Amino acid sequence: MSDFTVGDDDFLVDGRPVRLLSGALHYFRVHEEQWDHRLSMLRAMGLNCVETYVPWNLHEPRPGVFEDVAALGRFLDAAGRAGLWAIVRPGPYICAEWENGGLPGWVTARFGRQVRTRDTEYGAAVERWFRVLLPQVVERQISRGGPVIMVQAENEYGSYGSDQVYLAWLAGLLRTCGVSVPLFTSDGPEDHMLTGGSVPGLLATANFGSGAREGFGVLRGHRPKGPLMCMEFWCGWFEHWGARPVVRDPGQAAEALREVLECGASVNVYMAHGGTNFGGWSGANRSGPLQDGALLSTVTSYDYDAPVDEYGRPTEKFWQFREVLAPYAAGPLPDVPAAPVGIAGRVRAELTGWAPMGAVLEALGDAETEPSGVPPTFEDLGVERGLVRYRVSVPGPRRPYALGLSGLRDLATVFVDGVRAGVCTEESPVLPEPVAGPAEVELWVESLGRVNYGPRVGETKGVTVGVMHERQYLHGVRARALRLESFECREAVGAVRFGAVPGAGQATDGASDTRGLYRGSFGLDAAPGAGGHAGVELPGWKRGFVWVNGFALGRYWSVGPQSTLYVPGPVLREGVNEVLVLELDEVAAGARVEFGPGLPVRTGAAGADAD
């Protein structure tokens with residue numbers, strides 16, 4: 001049993017000064033059978049601590065329905081086995097480039113602008129969640145022989161609001177739930193962020209990727225005493241679909257880390273190992289200095305240009321960070337574990353069946369709603385991840401008018417009388433050609449990820465205002481949801497009626513409409529196991545999702561910059577492996593699904609630089 005406290009200048013373990021050398025590794029972005037290896041990589045890099053967020057929406061998908069909350073406890077136990085302390089950041093908001101910043105869609109739909117404020121009903125939902133979650137933390141605190149040494153209250157709140165009543169209440173709730181280790185806040189090193197996000201009596205930390213002396217100078221202006229810590233040292237950055245790759249020079253990042261340590265500060269490397277946004281949980285951002293512009297959807301990979309890459313391999317940044325960190329370690333650094341190995345060679349999946357979107361919806365979708373005056377949003381339908389088919393009639397006879405989707409979020413493939421009429425987006429919500437009446441309109445609307453940072457966290461998805469013909473709203477809208485989690489149920493997928501693959505000499509229901517669910521298989525002579533992996537590439541495919549042996553790898557999109565999806569070794573098996581591909585746009589002739597040993601995630605070639 002030990003005691004971890006915050007002194008005037010240092011962190012103290014049983015009264016002895018210690019420097020925290022932490023690295024971020026999110027348990028929910030790494031397959032559980034690979035936790036031990038990734039944690040051992042952190043130890044070998046010279047770290048003595050691991051930090052993780054906790055995504056509320058992953059564990060309470062519906063009010064009062066909790067799923068595998070114990071995963072956090074199992075991860076903390078793994079950290080203890082690896083000889084690491086642990087910092088837990090339970091939110092309730094986490095950002096993390098994760099869907100809705102970790103807040104469940106039902107929470108933001110129900111409470112709207114009251115989220116992240118002193119509102120008592122929102123607070124009641126948070127309290128119910130914390131009382132289920134926090135026993136996983138409390139029983140693993142350092143005072144009870146576990147690895148947990150600190151817990152964060154909220155996250156970067158100063159980037160969002162200034163409700164000190166809410167923050168004080170949240171800190172009190174953590175204490176009431178049994179958290180006795182030091183509490184802290186983390187914010188950007190700017191006056192308005194620190195005044196809005198810090199809490200009297202709690203350690204305040206700063207987040208930045210460079211300029212440690214300046215950043216800590218601002219922090220000292222607000223907190224003259226207390227140990228200095230950069231809670232998020234951004235050693236890389238995340239990426240958006242359709243944007244350029246983002247890389248950071250390893251030498252420059254290592255020098256910035258050195259500056260943090262030369263300031264006498266503790267550090268949390270964000271990310272030490274990023275992992276993957278499996279299951280379609282990637283969030284999104286809004287462009288512009290105030291994060292209120294165009295939607296920017298986050299890619300499936302969360303490699304982050306981290307020192308341990310998405311495949312678990314040490315990068316040049318790893319070796320340079322290890323050199324910087326070694327003098328601050330308590331003793332000699334452990335040997336670096338052997339790098340994970342990919343499957344041998346390349347193998348192409350044989351596609352054996354296809355079901356058009358209508359058949360997929362019939363088998364896996366929710367029941368269609370009754371006609372309504374306005375289109376129900378994703379939140380009205382209780383859809384966290386997936387898509388919704390809307391149907392509405394254009395009355396007639398009437399001459400052609402522009403047909404538009406007011407308040408569309410985020411992307412809609414539109415069919416008029418069964419013929420594809422175009423793709424609408426938030427920026428281009430009107431069909432290119434006018435529509436005459438009478439006509440039947442189908443809108444297949446996708447969410448490209450909920451915003452995870454800034455003032456538009458919690459915005460609704462779907463057709464959020466209405467379907468318009470000229471200036472007239474069209475009423476009597478019906479909606480049917482197709483949830484991504486439905487594809488993980490073997491029994492549900494078994495109900496899908498598959499036919500011949502388009503282009504294989506068979507006619508299709510939709511003629512040139514190649515959207516739908518593709519089923520296939522590929523063989524492996526040997527399973528790579530927990531220590532291995534594969535990468536899957538989809539040349540000729542446009543946009544959709546992939547599952548291997550029922551495991552949801554995430555979204556693919558031909559706009560890049562990501563072209564290979566990571567497949568964890570524990571998902572693969574010797575012999576026949578099953579693959580499902582849900583294509584939401586179109587498939588080109590000769591499209592392939594190929595598995596290989598896995599490519600380097602970041603090349604360091606032409607791309608925007610991270611800070």
# chains A, B, ... in the order shown; residues from 1 in each chain; ligands from 1

call {"tool": "residues_around", "arguments": {"residues": "Arg286 in chain A", "least_positions_apart": "6", "cutoff": "9 Å", "atoms": "only C-alpha atoms", "output": "list in words"}}
result
Asp292, Gly293, Ala294, Leu295, Leu296, Ser297, Val451, Asn452, Tyr453, Gly454 and Arg456 of chain A

call {"tool": "write_last_selection", "arguments": {"atoms": "N, CA, C and O atoms", "output": "PDB file, in the first residue's frame"}}
result
ATOM      1  N   ASP A 292     -16.689  26.087 -35.755  1.00  0.00           N
ATOM      2  CA  ASP A 292     -18.100  26.174 -36.127  1.00  0.00           C
ATOM      3  C   ASP A 292     -18.298  26.161 -37.638  1.00  0.00           C
ATOM      4  O   ASP A 292     -19.347  26.580 -38.141  1.00  0.00           O
ATOM      5  N   GLY A 293     -17.292  25.673 -38.388  1.00  0.00           N
ATOM      6  CA  GLY A 293     -17.367  25.649 -39.839  1.00  0.00           C
ATOM      7  C   GLY A 293     -17.777  24.297 -40.382  1.00  0.00           C
ATOM      8  O   GLY A 293     -18.601  23.589 -39.800  1.00  0.00           O
ATOM      9  N   ALA A 294     -17.179  23.917 -41.508  1.00  0.00           N
ATOM     10  CA  ALA A 294     -17.532  22.676 -42.192  1.00  0.00           C
ATOM     11  C   ALA A 294     -17.153  21.458 -41.357  1.00  0.00           C
ATOM     12  O   ALA A 294     -16.206  21.487 -40.568  1.00  0.00           O
ATOM     13  N   LEU A 295     -17.907  20.371 -41.544  1.00  0.00           N
ATOM     14  CA  LEU A 295     -17.639  19.131 -40.831  1.00  0.00           C
ATOM     15  C   LEU A 295     -16.382  18.460 -41.368  1.00  0.00           C
ATOM     16  O   LEU A 295     -16.195  18.341 -42.578  1.00  0.00           O
ATOM     17  N   LEU A 296     -15.532  18.009 -40.453  1.00  0.00           N
ATOM     18  CA  LEU A 296     -14.312  17.276 -40.791  1.00  0.00           C
ATOM     19  C   LEU A 296     -14.380  15.935 -40.073  1.00  0.00           C
ATOM     20  O   LEU A 296     -14.270  15.867 -38.844  1.00  0.00           O
ATOM     21  N   SER A 297     -14.580  14.882 -40.837  1.00  0.00           N
ATOM     22  CA  SER A 297     -14.769  13.551 -40.270  1.00  0.00           C
ATOM     23  C   SER A 297     -13.426  12.884 -39.998  1.00  0.00           C
ATOM     24  O   SER A 297     -12.548  12.844 -40.865  1.00  0.00           O
ATOM     25  N   VAL A 451     -19.533  15.532 -33.716  1.00  0.00           N
ATOM     26  CA  VAL A 451     -18.490  16.484 -33.324  1.00  0.00           C
ATOM     27  C   VAL A 451     -18.030  16.188 -31.899  1.00  0.00           C
ATOM     28  O   VAL A 451     -18.842  15.954 -30.996  1.00  0.00           O
ATOM     29  N   ASN A 452     -16.711  16.174 -31.692  1.00  0.00           N
ATOM     30  CA  ASN A 452     -16.170  15.831 -30.376  1.00  0.00           C
ATOM     31  C   ASN A 452     -15.504  16.999 -29.655  1.00  0.00           C
ATOM     32  O   ASN A 452     -15.032  16.830 -28.523  1.00  0.00           O
ATOM     33  N   TYR A 453     -15.478  18.189 -30.271  1.00  0.00           N
ATOM     34  CA  TYR A 453     -14.785  19.316 -29.634  1.00  0.00           C
ATOM     35  C   TYR A 453     -15.431  20.621 -30.090  1.00  0.00           C
ATOM     36  O   TYR A 453     -15.805  20.755 -31.258  1.00  0.00           O
ATOM     37  N   GLY A 454     -15.534  21.574 -29.161  1.00  0.00           N
ATOM     38  CA  GLY A 454     -16.010  22.897 -29.522  1.00  0.00           C
ATOM     39  C   GLY A 454     -17.485  23.096 -29.214  1.00  0.00           C
ATOM     40  O   GLY A 454     -18.158  22.234 -28.634  1.00  0.00           O
ATOM     41  N   ARG A 456     -20.136  22.944 -30.922  1.00  0.00           N
ATOM     42  CA  ARG A 456     -21.170  22.164 -31.599  1.00  0.00           C
ATOM     43  C   ARG A 456     -21.171  20.698 -31.206  1.00  0.00           C
ATOM     44  O   ARG A 456     -21.765  19.859 -31.880  1.00  0.00           O
TER      45      ARG A 456
END

call {"tool": "closest_atom_pairs", "arguments": {"of": "range 288-347 of chain A", "to": "range 553-575 of chain A", "cutoff": "8 Å", "atoms": "only C-alpha atoms", "output": "JSON lines"}}
result
{"residue": "A:Val299", "atom": "CA", "partner": "A:Gln562", "partner_atom": "CA", "distance": 7.0}
{"residue": "A:Thr300", "atom": "CA", "partner": "A:Gly554", "partner_atom": "CA", "distance": 5.9}
{"residue": "A:Ser301", "atom": "CA", "partner": "A:Leu565", "partner_atom": "CA", "distance": 7.3}
{"residue": "A:Glu310", "atom": "CA", "partner": "A:Tyr566", "partner_atom": "CA", "distance": 7.5}
{"residue": "A:Tyr311", "atom": "CA", "partner": "A:Tyr566", "partner_atom": "CA", "distance": 7.3}

call {"tool": "write_last_selection", "arguments": {"atoms": "all heavy atoms", "output": "PDB file, in the first residue's frame"}}
result
ATOM      1  N   VAL A 299     -10.630   9.975 -39.404  1.00  0.00           N
ATOM      2  CA  VAL A 299     -10.381   8.669 -40.011  1.00  0.00           C
ATOM      3  C   VAL A 299     -10.455   7.560 -38.964  1.00  0.00           C
ATOM      4  O   VAL A 299     -10.471   7.816 -37.757  1.00  0.00           O
ATOM      5  CB  VAL A 299      -9.014   8.636 -40.724  1.00  0.00           C
ATOM      6  CG1 VAL A 299      -8.928   9.722 -41.790  1.00  0.00           C
ATOM      7  CG2 VAL A 299      -7.866   8.761 -39.727  1.00  0.00           C
ATOM      8  N   THR A 300     -10.483   6.329 -39.450  1.00  0.00           N
ATOM      9  CA  THR A 300     -10.574   5.170 -38.563  1.00  0.00           C
ATOM     10  C   THR A 300      -9.292   4.960 -37.765  1.00  0.00           C
ATOM     11  O   THR A 300      -9.328   4.632 -36.573  1.00  0.00           O
ATOM     12  CB  THR A 300     -10.904   3.917 -39.379  1.00  0.00           C
ATOM     13  OG1 THR A 300     -12.193   4.097 -39.978  1.00  0.00           O
ATOM     14  CG2 THR A 300     -10.914   2.675 -38.522  1.00  0.00           C
ATOM     15  N   SER A 301      -8.151   5.148 -38.395  1.00  0.00           N
ATOM     16  CA  SER A 301      -6.885   4.995 -37.680  1.00  0.00           C
ATOM     17  C   SER A 301      -6.718   6.104 -36.651  1.00  0.00           C
ATOM     18  O   SER A 301      -7.005   7.271 -36.917  1.00  0.00           O
ATOM     19  CB  SER A 301      -5.718   5.053 -38.667  1.00  0.00           C
ATOM     20  OG  SER A 301      -4.490   5.119 -37.966  1.00  0.00           O
ATOM     21  N   GLU A 310       0.216   2.224 -34.946  1.00  0.00           N
ATOM     22  CA  GLU A 310      -1.061   1.530 -34.827  1.00  0.00           C
ATOM     23  C   GLU A 310      -0.890   0.015 -34.785  1.00  0.00           C
ATOM     24  O   GLU A 310      -1.695  -0.690 -34.166  1.00  0.00           O
ATOM     25  CB  GLU A 310      -1.963   1.921 -36.006  1.00  0.00           C
ATOM     26  CG  GLU A 310      -3.373   1.361 -35.923  1.00  0.00           C
ATOM     27  CD  GLU A 310      -4.262   1.841 -37.056  1.00  0.00           C
ATOM     28  OE1 GLU A 310      -3.732   2.404 -38.040  1.00  0.00           O
ATOM     29  OE2 GLU A 310      -5.492   1.647 -36.970  1.00  0.00           O
ATOM     30  N   TYR A 311       0.164  -0.497 -35.415  1.00  0.00           N
ATOM     31  CA  TYR A 311       0.422  -1.933 -35.457  1.00  0.00           C
ATOM     32  C   TYR A 311       1.239  -2.414 -34.256  1.00  0.00           C
ATOM     33  O   TYR A 311       1.613  -3.571 -34.187  1.00  0.00           O
ATOM     34  CB  TYR A 311       1.140  -2.288 -36.759  1.00  0.00           C
ATOM     35  CG  TYR A 311       0.254  -2.186 -37.982  1.00  0.00           C
ATOM     36  CD1 TYR A 311      -0.091  -0.955 -38.518  1.00  0.00           C
ATOM     37  CD2 TYR A 311      -0.239  -3.328 -38.603  1.00  0.00           C
ATOM     38  CE1 TYR A 311      -0.909  -0.861 -39.635  1.00  0.00           C
ATOM     39  CE2 TYR A 311      -1.051  -3.246 -39.721  1.00  0.00           C
ATOM     40  CZ  TYR A 311      -1.389  -2.010 -40.234  1.00  0.00           C
ATOM     41  OH  TYR A 311      -2.200  -1.916 -41.337  1.00  0.00           O
TER      42      TYR A 311
END

call {"tool": "closest_residue", "arguments": {"among": "A:Ser143, A:Thr176, A:Asn48, A:Ser162", "to": "Leu333 in chain A", "atoms": "only C-alpha atoms"}}
result
A:Asn48

call {"tool": "residues_around", "arguments": {"residues": "range 118-123 of chain A", "least_positions_apart": "3", "cutoff": "8 Å", "atoms": "only C-alpha atoms", "output": "list in words"}}
result
Val107, Phe111, Gln114, Val115, Val126, Glu127, Asp163, Val165, Tyr166 and Trp169 of chain A

call {"tool": "closest_residue", "arguments": {"among": "A:Leu582, A:Ala530, A:Ala253, A:Ala479", "to": "Leu381 in chain A", "atoms": "only C-alpha atoms"}}
result
A:Ala479

call {"tool": "residues_around", "arguments": {"residues": "range 321-332 of chain A", "least_positions_apart": "5", "cutoff": "12 Å", "atoms": "only C-alpha atoms", "output": "ChimeraX atom specification"}}
result
/A:17-23,41-49,235,250-262,264-269,272,306-308,314-316

call {"tool": "write_last_selection", "arguments": {"atoms": "C-alpha atoms", "output": "PDB file, in the first residue's frame"}}
result
ATOM      1  CA  PRO A  17       9.324  13.151  -4.811  1.00  0.00           C
ATOM      2  CA  VAL A  18       8.576  11.450  -8.124  1.00  0.00           C
ATOM      3  CA  ARG A  19       8.291  12.635 -11.692  1.00  0.00           C
ATOM      4  CA  LEU A  20       5.397  11.247 -13.690  1.00  0.00           C
ATOM      5  CA  LEU A  21       6.493  10.018 -17.112  1.00  0.00           C
ATOM      6  CA  SER A  22       3.154   8.984 -18.525  1.00  0.00           C
ATOM      7  CA  GLY A  23       1.821   7.949 -21.914  1.00  0.00           C
ATOM      8  CA  MET A  41       6.141  -0.972 -25.061  1.00  0.00           C
ATOM      9  CA  LEU A  42       5.372   2.070 -22.914  1.00  0.00           C
ATOM     10  CA  ARG A  43       7.578   0.736 -20.134  1.00  0.00           C
ATOM     11  CA  ALA A  44      10.395   0.073 -22.610  1.00  0.00           C
ATOM     12  CA  MET A  45      10.149   3.642 -23.909  1.00  0.00           C
ATOM     13  CA  GLY A  46      10.917   4.899 -20.410  1.00  0.00           C
ATOM     14  CA  LEU A  47       7.450   5.645 -19.028  1.00  0.00           C
ATOM     15  CA  ASN A  48       6.284   4.843 -15.509  1.00  0.00           C
ATOM     16  CA  CYS A  49       2.586   5.622 -15.952  1.00  0.00           C
ATOM     17  CA  CYS A 235       3.676  14.357 -30.120  1.00  0.00           C
ATOM     18  CA  PRO A 250      10.667  12.823 -34.674  1.00  0.00           C
ATOM     19  CA  GLY A 251      13.680  14.985 -33.838  1.00  0.00           C
ATOM     20  CA  GLN A 252      11.569  18.106 -33.371  1.00  0.00           C
ATOM     21  CA  ALA A 253       9.090  16.200 -31.185  1.00  0.00           C
ATOM     22  CA  ALA A 254      11.940  14.763 -29.088  1.00  0.00           C
ATOM     23  CA  GLU A 255      13.418  18.223 -28.503  1.00  0.00           C
ATOM     24  CA  ALA A 256      10.000  19.541 -27.445  1.00  0.00           C
ATOM     25  CA  LEU A 257       9.718  16.634 -24.983  1.00  0.00           C
ATOM     26  CA  ARG A 258      13.201  17.380 -23.693  1.00  0.00           C
ATOM     27  CA  GLU A 259      12.148  20.987 -23.030  1.00  0.00           C
ATOM     28  CA  VAL A 260       9.193  19.801 -20.936  1.00  0.00           C
ATOM     29  CA  LEU A 261      11.484  17.684 -18.769  1.00  0.00           C
ATOM     30  CA  GLU A 262      14.124  20.411 -18.495  1.00  0.00           C
ATOM     31  CA  GLY A 264      11.299  20.095 -14.086  1.00  0.00           C
ATOM     32  CA  ALA A 265       7.815  19.042 -15.160  1.00  0.00           C
ATOM     33  CA  SER A 266       5.993  15.758 -15.418  1.00  0.00           C
ATOM     34  CA  VAL A 267       4.493  14.753 -18.742  1.00  0.00           C
ATOM     35  CA  ASN A 268       1.844  12.617 -20.384  1.00  0.00           C
ATOM     36  CA  VAL A 269       2.761  11.785 -23.992  1.00  0.00           C
ATOM     37  CA  ALA A 272       2.123   7.031 -26.698  1.00  0.00           C
ATOM     38  CA  ALA A 306       2.696   8.153 -32.059  1.00  0.00           C
ATOM     39  CA  PRO A 307       6.013   6.579 -30.984  1.00  0.00           C
ATOM     40  CA  VAL A 308       4.309   3.158 -30.930  1.00  0.00           C
ATOM     41  CA  PRO A 314       8.385   1.115 -32.441  1.00  0.00           C
ATOM     42  CA  THR A 315       8.970   4.082 -34.732  1.00  0.00           C
ATOM     43  CA  GLU A 316      11.911   6.447 -35.034  1.00  0.00           C
TER      44      GLU A 316
END

call {"tool": "select_by_dssp", "arguments": {"residues": "range 343-580 of chain A", "states": "alpha helix (DSSP H)", "output": "count of residues only"}}
result
17

call {"tool": "residues_around", "arguments": {"residues": "range 216-228 of chain A", "least_positions_apart": "4", "cutoff": "8 Å", "atoms": "only C-alpha atoms", "output": "JSON, numbers by chain"}}
result
{"A": [6, 7, 8, 9, 10, 11, 189, 190, 191, 194, 195, 203, 204, 205, 206, 212, 264, 265, 266]}

call {"tool": "decode", "arguments": {"residues": "range 369-387 of chain A", "atoms": "N, CA and C atoms", "output": "PDB file, in the first residue's frame"}}
result
ATOM      1  N   THR A 369     -40.894   3.900 -39.259  1.00  0.00           N
ATOM      2  CA  THR A 369     -41.778   4.747 -38.466  1.00  0.00           C
ATOM      3  C   THR A 369     -43.046   5.067 -39.241  1.00  0.00           C
ATOM      4  N   GLU A 370     -44.081   5.452 -38.523  1.00  0.00           N
ATOM      5  CA  GLU A 370     -45.289   5.960 -39.168  1.00  0.00           C
ATOM      6  C   GLU A 370     -44.977   7.312 -39.808  1.00  0.00           C
ATOM      7  N   PRO A 371     -45.718   7.693 -40.868  1.00  0.00           N
ATOM      8  CA  PRO A 371     -45.491   9.010 -41.482  1.00  0.00           C
ATOM      9  C   PRO A 371     -45.609  10.125 -40.445  1.00  0.00           C
ATOM     10  N   SER A 372     -44.662  11.059 -40.508  1.00  0.00           N
ATOM     11  CA  SER A 372     -44.630  12.143 -39.523  1.00  0.00           C
ATOM     12  C   SER A 372     -44.548  13.491 -40.225  1.00  0.00           C
ATOM     13  N   GLY A 373     -44.850  14.524 -39.471  1.00  0.00           N
ATOM     14  CA  GLY A 373     -44.827  15.861 -40.046  1.00  0.00           C
ATOM     15  C   GLY A 373     -43.438  16.325 -40.409  1.00  0.00           C
ATOM     16  N   VAL A 374     -42.449  15.923 -39.609  1.00  0.00           N
ATOM     17  CA  VAL A 374     -41.064  16.288 -39.892  1.00  0.00           C
ATOM     18  C   VAL A 374     -40.214  15.032 -39.802  1.00  0.00           C
ATOM     19  N   PRO A 375     -39.070  14.999 -40.496  1.00  0.00           N
ATOM     20  CA  PRO A 375     -38.227  13.807 -40.424  1.00  0.00           C
ATOM     21  C   PRO A 375     -37.671  13.614 -39.016  1.00  0.00           C
ATOM     22  N   PRO A 376     -37.733  12.406 -38.475  1.00  0.00           N
ATOM     23  CA  PRO A 376     -37.077  12.173 -37.182  1.00  0.00           C
ATOM     24  C   PRO A 376     -35.558  12.193 -37.354  1.00  0.00           C
ATOM     25  N   THR A 377     -34.871  12.756 -36.393  1.00  0.00           N
ATOM     26  CA  THR A 377     -33.417  12.762 -36.419  1.00  0.00           C
ATOM     27  C   THR A 377     -32.881  11.403 -35.961  1.00  0.00           C
ATOM     28  N   PHE A 378     -31.579  11.216 -36.111  1.00  0.00           N
ATOM     29  CA  PHE A 378     -30.954  10.004 -35.583  1.00  0.00           C
ATOM     30  C   PHE A 378     -31.245   9.873 -34.093  1.00  0.00           C
ATOM     31  N   GLU A 379     -31.201  11.001 -33.404  1.00  0.00           N
ATOM     32  CA  GLU A 379     -31.419  10.987 -31.954  1.00  0.00           C
ATOM     33  C   GLU A 379     -32.857  10.600 -31.627  1.00  0.00           C
ATOM     34  N   ASP A 380     -33.811  11.078 -32.431  1.00  0.00           N
ATOM     35  CA  ASP A 380     -35.202  10.681 -32.223  1.00  0.00           C
ATOM     36  C   ASP A 380     -35.362   9.174 -32.368  1.00  0.00           C
ATOM     37  N   LEU A 381     -34.584   8.591 -33.263  1.00  0.00           N
ATOM     38  CA  LEU A 381     -34.661   7.156 -33.532  1.00  0.00           C
ATOM     39  C   LEU A 381     -33.741   6.335 -32.622  1.00  0.00           C
ATOM     40  N   GLY A 382     -32.930   7.025 -31.801  1.00  0.00           N
ATOM     41  CA  GLY A 382     -32.005   6.319 -30.912  1.00  0.00           C
ATOM     42  C   GLY A 382     -30.839   5.690 -31.624  1.00  0.00           C
ATOM     43  N   VAL A 383     -30.398   6.299 -32.738  1.00  0.00           N
ATOM     44  CA  VAL A 383     -29.296   5.751 -33.528  1.00  0.00           C
ATOM     45  C   VAL A 383     -28.005   6.471 -33.163  1.00  0.00           C
ATOM     46  N   GLU A 384     -27.040   5.737 -32.644  1.00  0.00           N
ATOM     47  CA  GLU A 384     -25.730   6.301 -32.319  1.00  0.00           C
ATOM     48  C   GLU A 384     -24.827   6.269 -33.540  1.00  0.00           C
ATOM     49  N   ARG A 385     -24.659   5.091 -34.148  1.00  0.00           N
ATOM     50  CA  ARG A 385     -23.800   4.911 -35.321  1.00  0.00           C
ATOM     51  C   ARG A 385     -24.580   4.145 -36.375  1.00  0.00           C
ATOM     52  N   GLY A 386     -24.534   4.637 -37.612  1.00  0.00           N
ATOM     53  CA  GLY A 386     -25.223   3.939 -38.684  1.00  0.00           C
ATOM     54  C   GLY A 386     -25.802   4.903 -39.689  1.00  0.00           C
ATOM     55  N   LEU A 387     -26.917   4.498 -40.293  1.00  0.00           N
ATOM     56  CA  LEU A 387     -27.574   5.348 -41.284  1.00  0.00           C
ATOM     57  C   LEU A 387     -29.078   5.157 -41.183  1.00  0.00           C
TER      58      LEU A 387
END
